[in-house]
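*Asks:* Handing over input-v8.tsv, TSV, C-alpha atoms.
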chain	number	residue	atom	x	y	z
A	96	MET	CA	168.08	64.63	-60.36
A	97	THR	CA	171.27	65.17	-62.36
A	98	ILE	CA	174.13	62.70	-61.85
A	99	LYS	CA	177.48	64.47	-62.23
A	100	ILE	CA	180.71	62.62	-63.06
A	101	ALA	CA	184.11	64.34	-63.19
A	102	ILE	CA	187.14	62.74	-64.87
A	103	THR	CA	190.38	64.32	-63.63
A	104	GLY	CA	194.11	63.68	-63.96
A	105	LYS	CA	197.30	64.75	-65.64
A	106	SER	CA	197.21	65.62	-69.33
A	107	GLY	CA	198.08	62.52	-71.34
A	108	SER	CA	196.83	60.08	-68.70
A	109	GLY	CA	193.89	59.02	-70.86
A	110	LYS	CA	191.14	61.24	-69.43
A	111	THR	CA	189.43	61.96	-72.72
A	112	THR	CA	189.38	58.31	-73.84
A	113	ILE	CA	187.90	57.31	-70.47
A	114	THR	CA	185.36	60.16	-70.62
A	115	LYS	CA	184.29	58.88	-74.04
A	116	ALA	CA	184.05	55.34	-72.64
A	117	PHE	CA	181.78	56.52	-69.82
A	118	PHE	CA	179.63	58.26	-72.38
A	119	ASN	CA	179.38	55.04	-74.43
A	120	VAL	CA	178.49	52.94	-71.37
A	121	LEU	CA	175.83	55.39	-70.18
A	122	GLN	CA	174.30	55.62	-73.65
A	123	LYS	CA	174.06	51.84	-73.82
A	124	ASN	CA	172.75	51.37	-70.26
A	125	PHE	CA	170.39	54.37	-70.28
A	126	PRO	CA	169.38	54.97	-73.93
A	127	ASP	CA	166.45	57.20	-72.97
A	128	LYS	CA	168.42	59.46	-70.59
A	129	SER	CA	169.92	62.82	-71.57
A	130	ILE	CA	173.69	63.35	-71.33
A	131	LEU	CA	175.78	66.52	-71.39
A	132	LEU	CA	179.51	66.23	-72.06
A	133	PHE	CA	181.25	69.23	-70.50
A	134	ASP	CA	184.80	69.79	-71.79
A	135	ASN	CA	186.67	71.68	-69.06
A	136	ASP	CA	190.11	70.60	-70.34
A	137	LEU	CA	192.23	73.27	-72.04
A	138	THR	CA	193.30	70.83	-74.78
A	139	GLY	CA	189.73	70.66	-76.09
A	140	GLU	CA	190.22	67.06	-77.19
A	141	LEU	CA	186.76	65.85	-76.23
A	142	GLY	CA	185.21	67.39	-79.31
A	143	HIS	CA	187.97	65.87	-81.46
A	144	SER	CA	187.02	62.42	-80.13
A	145	PHE	CA	183.71	62.89	-81.98
A	146	GLY	CA	185.41	64.22	-85.10
A	147	MET	CA	184.52	67.83	-84.25
A	148	ASP	CA	186.66	70.95	-84.01
A	149	ILE	CA	184.56	73.00	-81.60
A	150	ARG	CA	185.66	76.64	-81.60
A	151	ASN	CA	182.69	78.23	-79.81
A	152	THR	CA	183.37	78.19	-76.08
A	153	ILE	CA	182.18	79.63	-72.77
A	154	TYR	CA	185.37	81.68	-72.78
A	155	GLY	CA	184.19	83.25	-76.05
A	156	ILE	CA	181.02	84.40	-74.30
A	157	ARG	CA	182.99	85.71	-71.34
A	158	SER	CA	185.45	87.62	-73.52
A	159	GLY	CA	182.80	88.96	-75.90
A	160	LYS	CA	184.52	87.33	-78.89
A	161	HIS	CA	181.87	84.74	-79.70
A	162	GLU	CA	180.10	85.25	-83.02
A	163	TYR	CA	176.49	84.21	-82.52
A	164	LYS	CA	174.58	82.12	-85.04
A	165	THR	CA	171.70	84.60	-85.03
A	166	GLY	CA	171.22	88.19	-83.99
A	167	ILE	CA	171.12	88.81	-80.24
A	168	PRO	CA	167.45	89.14	-79.15
A	169	GLU	CA	166.50	92.47	-77.67
A	170	GLY	CA	165.14	93.14	-74.20
A	171	MET	CA	166.98	90.37	-72.35
A	172	SER	CA	168.45	90.76	-68.88
A	173	LYS	CA	172.16	89.95	-68.48
A	174	HIS	CA	171.31	86.60	-66.86
A	175	GLU	CA	168.96	85.76	-69.73
A	176	PHE	CA	171.61	86.76	-72.25
A	177	VAL	CA	174.23	84.39	-70.79
A	178	GLU	CA	171.71	81.54	-70.69
A	179	TRP	CA	170.79	82.22	-74.30
A	180	ALA	CA	174.48	82.41	-75.25
A	181	LEU	CA	175.19	78.97	-73.72
A	182	GLU	CA	172.39	77.55	-75.84
A	183	ASP	CA	174.07	79.08	-78.88
A	184	ILE	CA	177.33	77.17	-78.30
A	185	LEU	CA	175.81	73.80	-77.39
A	186	VAL	CA	176.63	71.16	-79.98
A	187	SER	CA	174.27	68.23	-80.48
A	188	LEU	CA	175.79	64.74	-80.65
A	189	ASN	CA	172.50	62.89	-81.05
A	190	ASP	CA	168.89	63.18	-79.91
A	191	ASN	CA	169.81	62.67	-76.24
A	192	ALA	CA	173.34	64.04	-75.95
A	193	ASP	CA	175.09	67.41	-76.27
A	194	ILE	CA	178.60	68.75	-75.75
A	195	ILE	CA	179.81	72.15	-74.55
A	196	VAL	CA	183.37	73.46	-74.25
A	197	SER	CA	184.58	75.92	-71.62
A	198	TRP	CA	188.28	76.56	-72.46
A	199	PHE	CA	189.74	79.34	-70.24
A	200	VAL	CA	187.78	80.18	-67.08
A	201	GLY	CA	187.86	83.21	-64.82
A	202	ALA	CA	189.47	83.25	-61.39
A	203	LYS	CA	187.13	82.32	-58.54
A	204	ASP	CA	187.81	85.63	-56.75
A	205	CYS	CA	186.97	87.69	-59.85
A	206	ARG	CA	184.23	90.15	-58.90
A	207	CYS	CA	183.15	90.99	-62.44
A	208	PRO	CA	179.41	90.24	-62.91
A	209	ILE	CA	179.97	87.88	-65.85
A	210	THR	CA	181.66	85.33	-63.53
A	211	ALA	CA	178.56	84.94	-61.37
A	212	GLN	CA	176.27	85.05	-64.41
A	213	ILE	CA	178.15	82.23	-66.14
A	214	ASN	CA	178.17	80.16	-62.94
A	215	TYR	CA	174.39	80.59	-62.59
A	216	ALA	CA	173.72	79.81	-66.26
A	217	CYS	CA	175.96	76.72	-66.20
A	218	GLN	CA	174.12	75.47	-63.12
A	219	LYS	CA	170.77	75.80	-64.87
A	220	LEU	CA	172.11	74.09	-67.99
A	221	ILE	CA	173.53	71.16	-66.02
A	222	GLU	CA	170.24	70.60	-64.19
A	223	ARG	CA	168.44	69.96	-67.48
A	224	TYR	CA	170.30	66.68	-68.06
A	225	ASP	CA	170.10	63.26	-66.43
A	226	PHE	CA	173.88	62.79	-66.61
A	227	VAL	CA	176.72	65.29	-66.96
A	228	ILE	CA	180.30	64.10	-67.57
A	229	PHE	CA	183.07	66.66	-67.03
A	230	ASP	CA	186.42	66.14	-68.77
A	231	CYS	CA	188.45	68.19	-66.30
A	232	GLU	CA	191.69	70.15	-66.38
A	233	PHE	CA	193.95	68.35	-63.84
A	234	ASP	CA	191.66	68.61	-60.78
A	235	LEU	CA	188.26	69.83	-59.61
A	236	LYS	CA	189.52	73.25	-58.58
A	237	TYR	CA	189.59	74.50	-62.18
A	238	LEU	CA	186.06	73.23	-62.78
A	239	ASN	CA	184.87	74.88	-59.57
A	240	GLN	CA	186.20	78.23	-60.82
A	241	LEU	CA	183.68	77.95	-63.65
A	242	VAL	CA	180.66	76.40	-61.95
A	243	ASP	CA	180.13	75.66	-58.29
A	244	THR	CA	178.30	72.33	-58.49
A	245	ASP	CA	178.24	69.12	-56.44
A	246	ILE	CA	180.02	66.11	-57.93
A	247	ASP	CA	178.61	62.62	-57.42
A	248	LEU	CA	181.69	60.78	-58.69
A	249	ALA	CA	185.22	62.15	-59.15
A	250	LEU	CA	187.61	59.75	-60.90
A	251	ILE	CA	191.33	60.48	-60.91
A	252	VAL	CA	193.06	58.84	-63.87
A	253	ALA	CA	196.55	57.60	-62.99
A	254	ASN	CA	199.11	55.52	-64.85
A	255	PRO	CA	200.76	52.51	-63.14
A	256	THR	CA	203.89	54.32	-61.98
A	257	ILE	CA	204.92	55.53	-58.53
A	258	GLU	CA	205.27	59.09	-59.85
A	259	SER	CA	201.73	59.02	-61.27
A	260	VAL	CA	200.31	57.67	-58.01
A	261	LYS	CA	201.97	60.46	-56.04
A	262	LEU	CA	200.47	62.98	-58.47
A	263	ALA	CA	197.07	61.35	-58.02
A	264	LYS	CA	197.42	61.93	-54.29
A	265	ARG	CA	198.03	65.64	-54.91
A	266	ILE	CA	195.01	65.81	-57.23
A	267	ALA	CA	192.88	64.14	-54.56
A	268	GLU	CA	194.02	66.68	-51.98
A	269	PHE	CA	193.16	69.57	-54.32
A	270	SER	CA	189.81	68.04	-55.29
A	271	VAL	CA	188.38	66.53	-52.11
A	272	LYS	CA	186.62	69.66	-50.86
A	273	HIS	CA	184.92	70.09	-54.24
A	274	ALA	CA	183.73	66.47	-54.18
A	275	ALA	CA	182.41	66.58	-50.62
A	276	GLY	CA	179.68	63.99	-50.19
A	277	GLY	CA	180.52	62.30	-53.49
A	278	GLN	CA	182.67	59.29	-54.35
A	279	LEU	CA	186.36	60.03	-54.99
A	280	GLY	CA	188.80	57.42	-56.24
A	281	VAL	CA	191.44	56.38	-58.75
A	282	VAL	CA	191.28	54.53	-62.05
A	283	VAL	CA	194.63	53.03	-63.02
A	284	ASN	CA	195.04	53.26	-66.79
A	285	LYS	CA	197.46	51.56	-69.21
A	286	VAL	CA	198.04	48.60	-66.88
A	287	LYS	CA	200.66	46.06	-68.02
A	288	ASN	CA	200.73	44.15	-64.72
A	289	GLU	CA	204.37	45.11	-64.23
A	290	ASN	CA	205.30	46.36	-60.76
A	291	LEU	CA	201.61	46.66	-59.91
A	292	ASP	CA	202.13	45.36	-56.39
A	293	GLU	CA	204.35	48.35	-55.65
A	294	VAL	CA	201.86	50.75	-57.24
A	295	TYR	CA	198.96	49.33	-55.25
A	296	LYS	CA	200.99	49.49	-52.05
A	297	THR	CA	201.78	53.15	-52.73
A	298	MET	CA	198.09	53.86	-53.37
A	299	ASN	CA	197.08	52.13	-50.15
A	300	ASP	CA	199.75	54.05	-48.23
A	301	ALA	CA	198.37	57.27	-49.77
A	302	GLU	CA	194.84	56.20	-48.76
A	303	LEU	CA	193.66	56.32	-52.36
A	304	ASP	CA	190.63	54.20	-53.26
A	305	ILE	CA	191.20	52.17	-56.44
A	306	LEU	CA	187.86	52.04	-58.25
A	307	GLY	CA	189.02	50.32	-61.41
A	308	THR	CA	191.85	49.35	-63.72
A	309	ILE	CA	192.15	49.57	-67.50
A	310	PRO	CA	194.51	47.27	-69.44
A	311	TYR	CA	197.17	48.69	-71.71
A	312	ASP	CA	195.96	48.94	-75.30
A	313	LYS	CA	198.78	47.83	-77.61
A	314	SER	CA	197.13	49.56	-80.53
A	315	LEU	CA	198.11	52.87	-78.91
A	316	GLU	CA	201.85	52.14	-79.01
A	317	ASP	CA	202.35	54.50	-81.97
A	318	GLY	CA	201.03	57.37	-79.84
A	319	THR	CA	197.86	57.80	-81.90
A	320	PRO	CA	194.84	58.36	-79.64
A	321	ASP	CA	192.03	55.83	-79.98
A	322	TRP	CA	189.05	57.56	-78.41
A	323	ASN	CA	186.84	54.56	-79.16
A	324	SER	CA	189.13	51.89	-77.72
A	325	GLU	CA	187.16	48.68	-77.18
A	326	ILE	CA	189.59	47.72	-74.42
A	327	VAL	CA	188.85	50.93	-72.50
A	328	ASN	CA	185.10	50.65	-73.13
A	329	GLU	CA	185.01	47.08	-71.83
A	330	ALA	CA	187.10	47.93	-68.76
A	331	VAL	CA	184.78	50.81	-67.79
A	332	LYS	CA	181.80	48.50	-68.30
A	333	GLN	CA	183.39	45.92	-65.98
A	334	PHE	CA	184.14	48.25	-63.03
A	335	TYR	CA	181.02	50.42	-63.41
A	336	PHE	CA	179.20	48.36	-60.77
A	337	ARG	CA	181.68	49.57	-58.11
A	338	LEU	CA	180.69	53.18	-58.64
A	339	ASN	CA	178.03	55.12	-56.78
A	340	LEU	CA	176.02	55.58	-59.95
A	341	PRO	CA	172.62	54.34	-61.12
A	342	GLN	CA	172.97	50.67	-62.05
A	343	GLU	CA	169.68	50.13	-63.86
A	344	ASN	CA	167.52	52.13	-66.21
A	345	ASN	CA	164.49	52.96	-64.08
Kindly return the structure encoded in the file as structure tokens.
*Replies:*
Amino acid sequence: MTIKIAITGKSGSGKTTITKAFFNVLQKNFPDKSILLFDNDLTGELGHSFGMDIRNTIYGIRSGKHEYKTGIPEGMSKHEFVEWALEDILVSLNDNADIIVSWFVGAKDCRCPITAQINYACQKLIERYDFVIFDCEFDLKYLNQLVDTDIDLALIVANPTIESVKLAKRIAEFSVKHAAGGQLGVVVNKVKNENLDEVYKTMNDAELDILGTIPYDKSLEDGTPDWNSEIVNEAVKQFYFRLNLPQENN
């Protein structure tokens, strides 16, 4: 069974760094399990965190602008073609891990056949992996427009400010129906322990479940992203046990 994790939140909150940290923790805890990183964020930073500039996207397939690595095989049905096309844009990270980028997605109410075909093909792709981590665009609604799949864990990344907590509440409201049956909560990032009591009170008042906190990384003060932050990796490792995820490699 595939375990699906979605990392959501405002752009700049640290989603991609935390997504990378989850990937690192899962690789260490489950070295023999397969992992798919699914970049659903319009910034496309997830590939950059691995030193890659990934230009081939699901949107390219949808728009007909993707240039395939080989000639398109003959005699395929449309469903088979889309499945084959997704394989063409998968990028291998190592023997057990791949990454795929969506970029723009179609509206959920679009009746064009390609929307349903991509949804079906994405579902089949996801089911091949033991873990799938989605780096999402703001909330789960945008991901759901691409692929209608159950989410086991939805983490909302928030910064330790009242404004960010209020935004996290909105994201939770937009996302809850797409995470039905799964765990939904907040990770507070860039924590300096200043005014945290007020932030926690606001979260409790908003009925938001705090699943973890991540200390502020001083090395990021110059604004340069550190997608392999040891501080973030260690923090995710420490609060992983609170999550409804496999805890041991069986």
*Asks:* From the options A:Leu279, A:Val177, A:Cys207, A:Leu235, which residue's atoms come nearest to Leu220 (chain A), counting only C-alpha atoms?
*Replies:*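 The closest residue to Leu220 (chain A) is A:Val177.
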*Asks:* Using Å and a single decimal, report how far CA of Glu232 (chain A) sits from CA of Leu250 (chain A).
*Replies:* 12.4 Å
*Asks:* Place a sphere of radius 10 Å on (179.7, 52.8, -72.6) in the file coordinates and name every protein, DNA or RNA residue with an atom inside or on its surface, counting all atoms listed in the file; give the answer as a list in words.
*Replies:*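 Final list of nearby residues, as requested, is Ile113, Thr114, Lys115, Ala116, Phe117, Phe118, Asn119, Val120, Leu121, Gln122, Lys123, Asn124, Phe125, Asn323, Glu325, Val327, Asn328, Glu329, Ala330, Val331, Lys332 and Tyr335 of chain A.
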*Asks:* Using only C-alpha atoms for the distances, tell me which of A:Val283, A:Ala275, A:Ala101, A:Ala180 is nearest to Leu238 (chain A).
*Replies:*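 Using only C-alpha atoms, the shortest distance to Leu238 (chain A) belongs to A:Ala101.
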*Asks:* Work out how far apart CA of Asp292 (chain A) and CA of Leu306 (chain A) are and give it in Å to one decimal.
*Replies:*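 So the answer is 15.9 Å.
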*Asks:* Between A:Asn254, A:Asn299, A:Phe334, A:Cys217, which one has atoms that come closest to Glu178 (chain A), using all atoms listed in the file?
*Replies:*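 That would be A:Cys217, the residue with the smallest distance to Glu178 (chain A).
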*Asks:* Have region 228-252 of chain A completed to N, CA and C atoms, please, and pass it along as a short mmCIF file (atom, residue, chain, number, x, y, z; two decimals), in the coordinates of the input.
*Replies:*
data_model
loop_
_atom_site.label_atom_id
_atom_site.label_comp_id
_atom_site.auth_asym_id
_atom_site.auth_seq_id
_atom_site.Cartn_x
_atom_site.Cartn_y
_atom_site.Cartn_z
N ILE A 228 178.94 64.61 -67.72
CA ILE A 228 180.30 64.10 -67.57
C ILE A 228 181.26 65.25 -67.86
N PHE A 229 182.09 65.59 -66.88
CA PHE A 229 183.07 66.66 -67.03
C PHE A 229 184.44 66.05 -67.35
N ASP A 230 185.02 66.46 -68.46
CA ASP A 230 186.42 66.14 -68.77
C ASP A 230 187.24 67.30 -68.23
N CYS A 231 187.90 67.09 -67.07
CA CYS A 231 188.45 68.19 -66.30
C CYS A 231 189.92 68.49 -66.62
N GLU A 232 190.31 69.70 -66.27
CA GLU A 232 191.69 70.15 -66.38
C GLU A 232 192.41 69.85 -65.06
N PHE A 233 193.13 68.76 -64.98
CA PHE A 233 193.95 68.35 -63.84
C PHE A 233 193.13 67.96 -62.61
N ASP A 234 192.41 68.92 -62.00
CA ASP A 234 191.66 68.61 -60.78
C ASP A 234 190.32 69.35 -60.79
N LEU A 235 189.58 69.22 -59.68
CA LEU A 235 188.26 69.83 -59.61
C LEU A 235 188.29 71.32 -59.32
N LYS A 236 189.43 71.83 -58.91
CA LYS A 236 189.52 73.25 -58.58
C LYS A 236 189.24 74.11 -59.81
N TYR A 237 189.78 73.73 -60.95
CA TYR A 237 189.59 74.50 -62.18
C TYR A 237 188.12 74.48 -62.61
N LEU A 238 187.48 73.32 -62.47
CA LEU A 238 186.06 73.23 -62.78
C LEU A 238 185.25 74.11 -61.85
N ASN A 239 185.60 74.10 -60.56
CA ASN A 239 184.87 74.88 -59.57
C ASN A 239 184.98 76.38 -59.82
N GLN A 240 186.07 76.81 -60.47
CA GLN A 240 186.20 78.23 -60.82
C GLN A 240 185.14 78.64 -61.85
N LEU A 241 184.68 77.66 -62.63
CA LEU A 241 183.68 77.95 -63.65
C LEU A 241 182.26 77.80 -63.11
N VAL A 242 182.01 76.67 -62.45
CA VAL A 242 180.66 76.40 -61.95
C VAL A 242 180.78 75.67 -60.62
N ASP A 243 180.10 76.21 -59.64
CA ASP A 243 180.13 75.66 -58.29
C ASP A 243 179.01 74.63 -58.16
N THR A 244 179.32 73.37 -58.47
CA THR A 244 178.30 72.33 -58.49
C THR A 244 178.79 71.10 -57.75
N ASP A 245 177.87 70.36 -57.13
CA ASP A 245 178.24 69.12 -56.44
C ASP A 245 178.64 68.06 -57.46
N ILE A 246 179.57 67.20 -57.07
CA ILE A 246 180.02 66.11 -57.93
C ILE A 246 179.68 64.79 -57.25
N ASP A 247 178.99 63.92 -57.98
CA ASP A 247 178.61 62.62 -57.42
C ASP A 247 179.75 61.61 -57.48
N LEU A 248 180.56 61.69 -58.53
CA LEU A 248 181.69 60.78 -58.69
C LEU A 248 182.85 61.53 -59.31
N ALA A 249 183.99 61.55 -58.62
CA ALA A 249 185.22 62.15 -59.15
C ALA A 249 186.24 61.03 -59.34
N LEU A 250 186.64 60.79 -60.57
CA LEU A 250 187.61 59.75 -60.90
C LEU A 250 188.93 60.40 -61.28
N ILE A 251 189.98 60.01 -60.59
CA ILE A 251 191.33 60.48 -60.91
C ILE A 251 192.00 59.42 -61.77
N VAL A 252 192.39 59.79 -62.98
CA VAL A 252 193.06 58.84 -63.87
C VAL A 252 194.55 58.87 -63.59
#
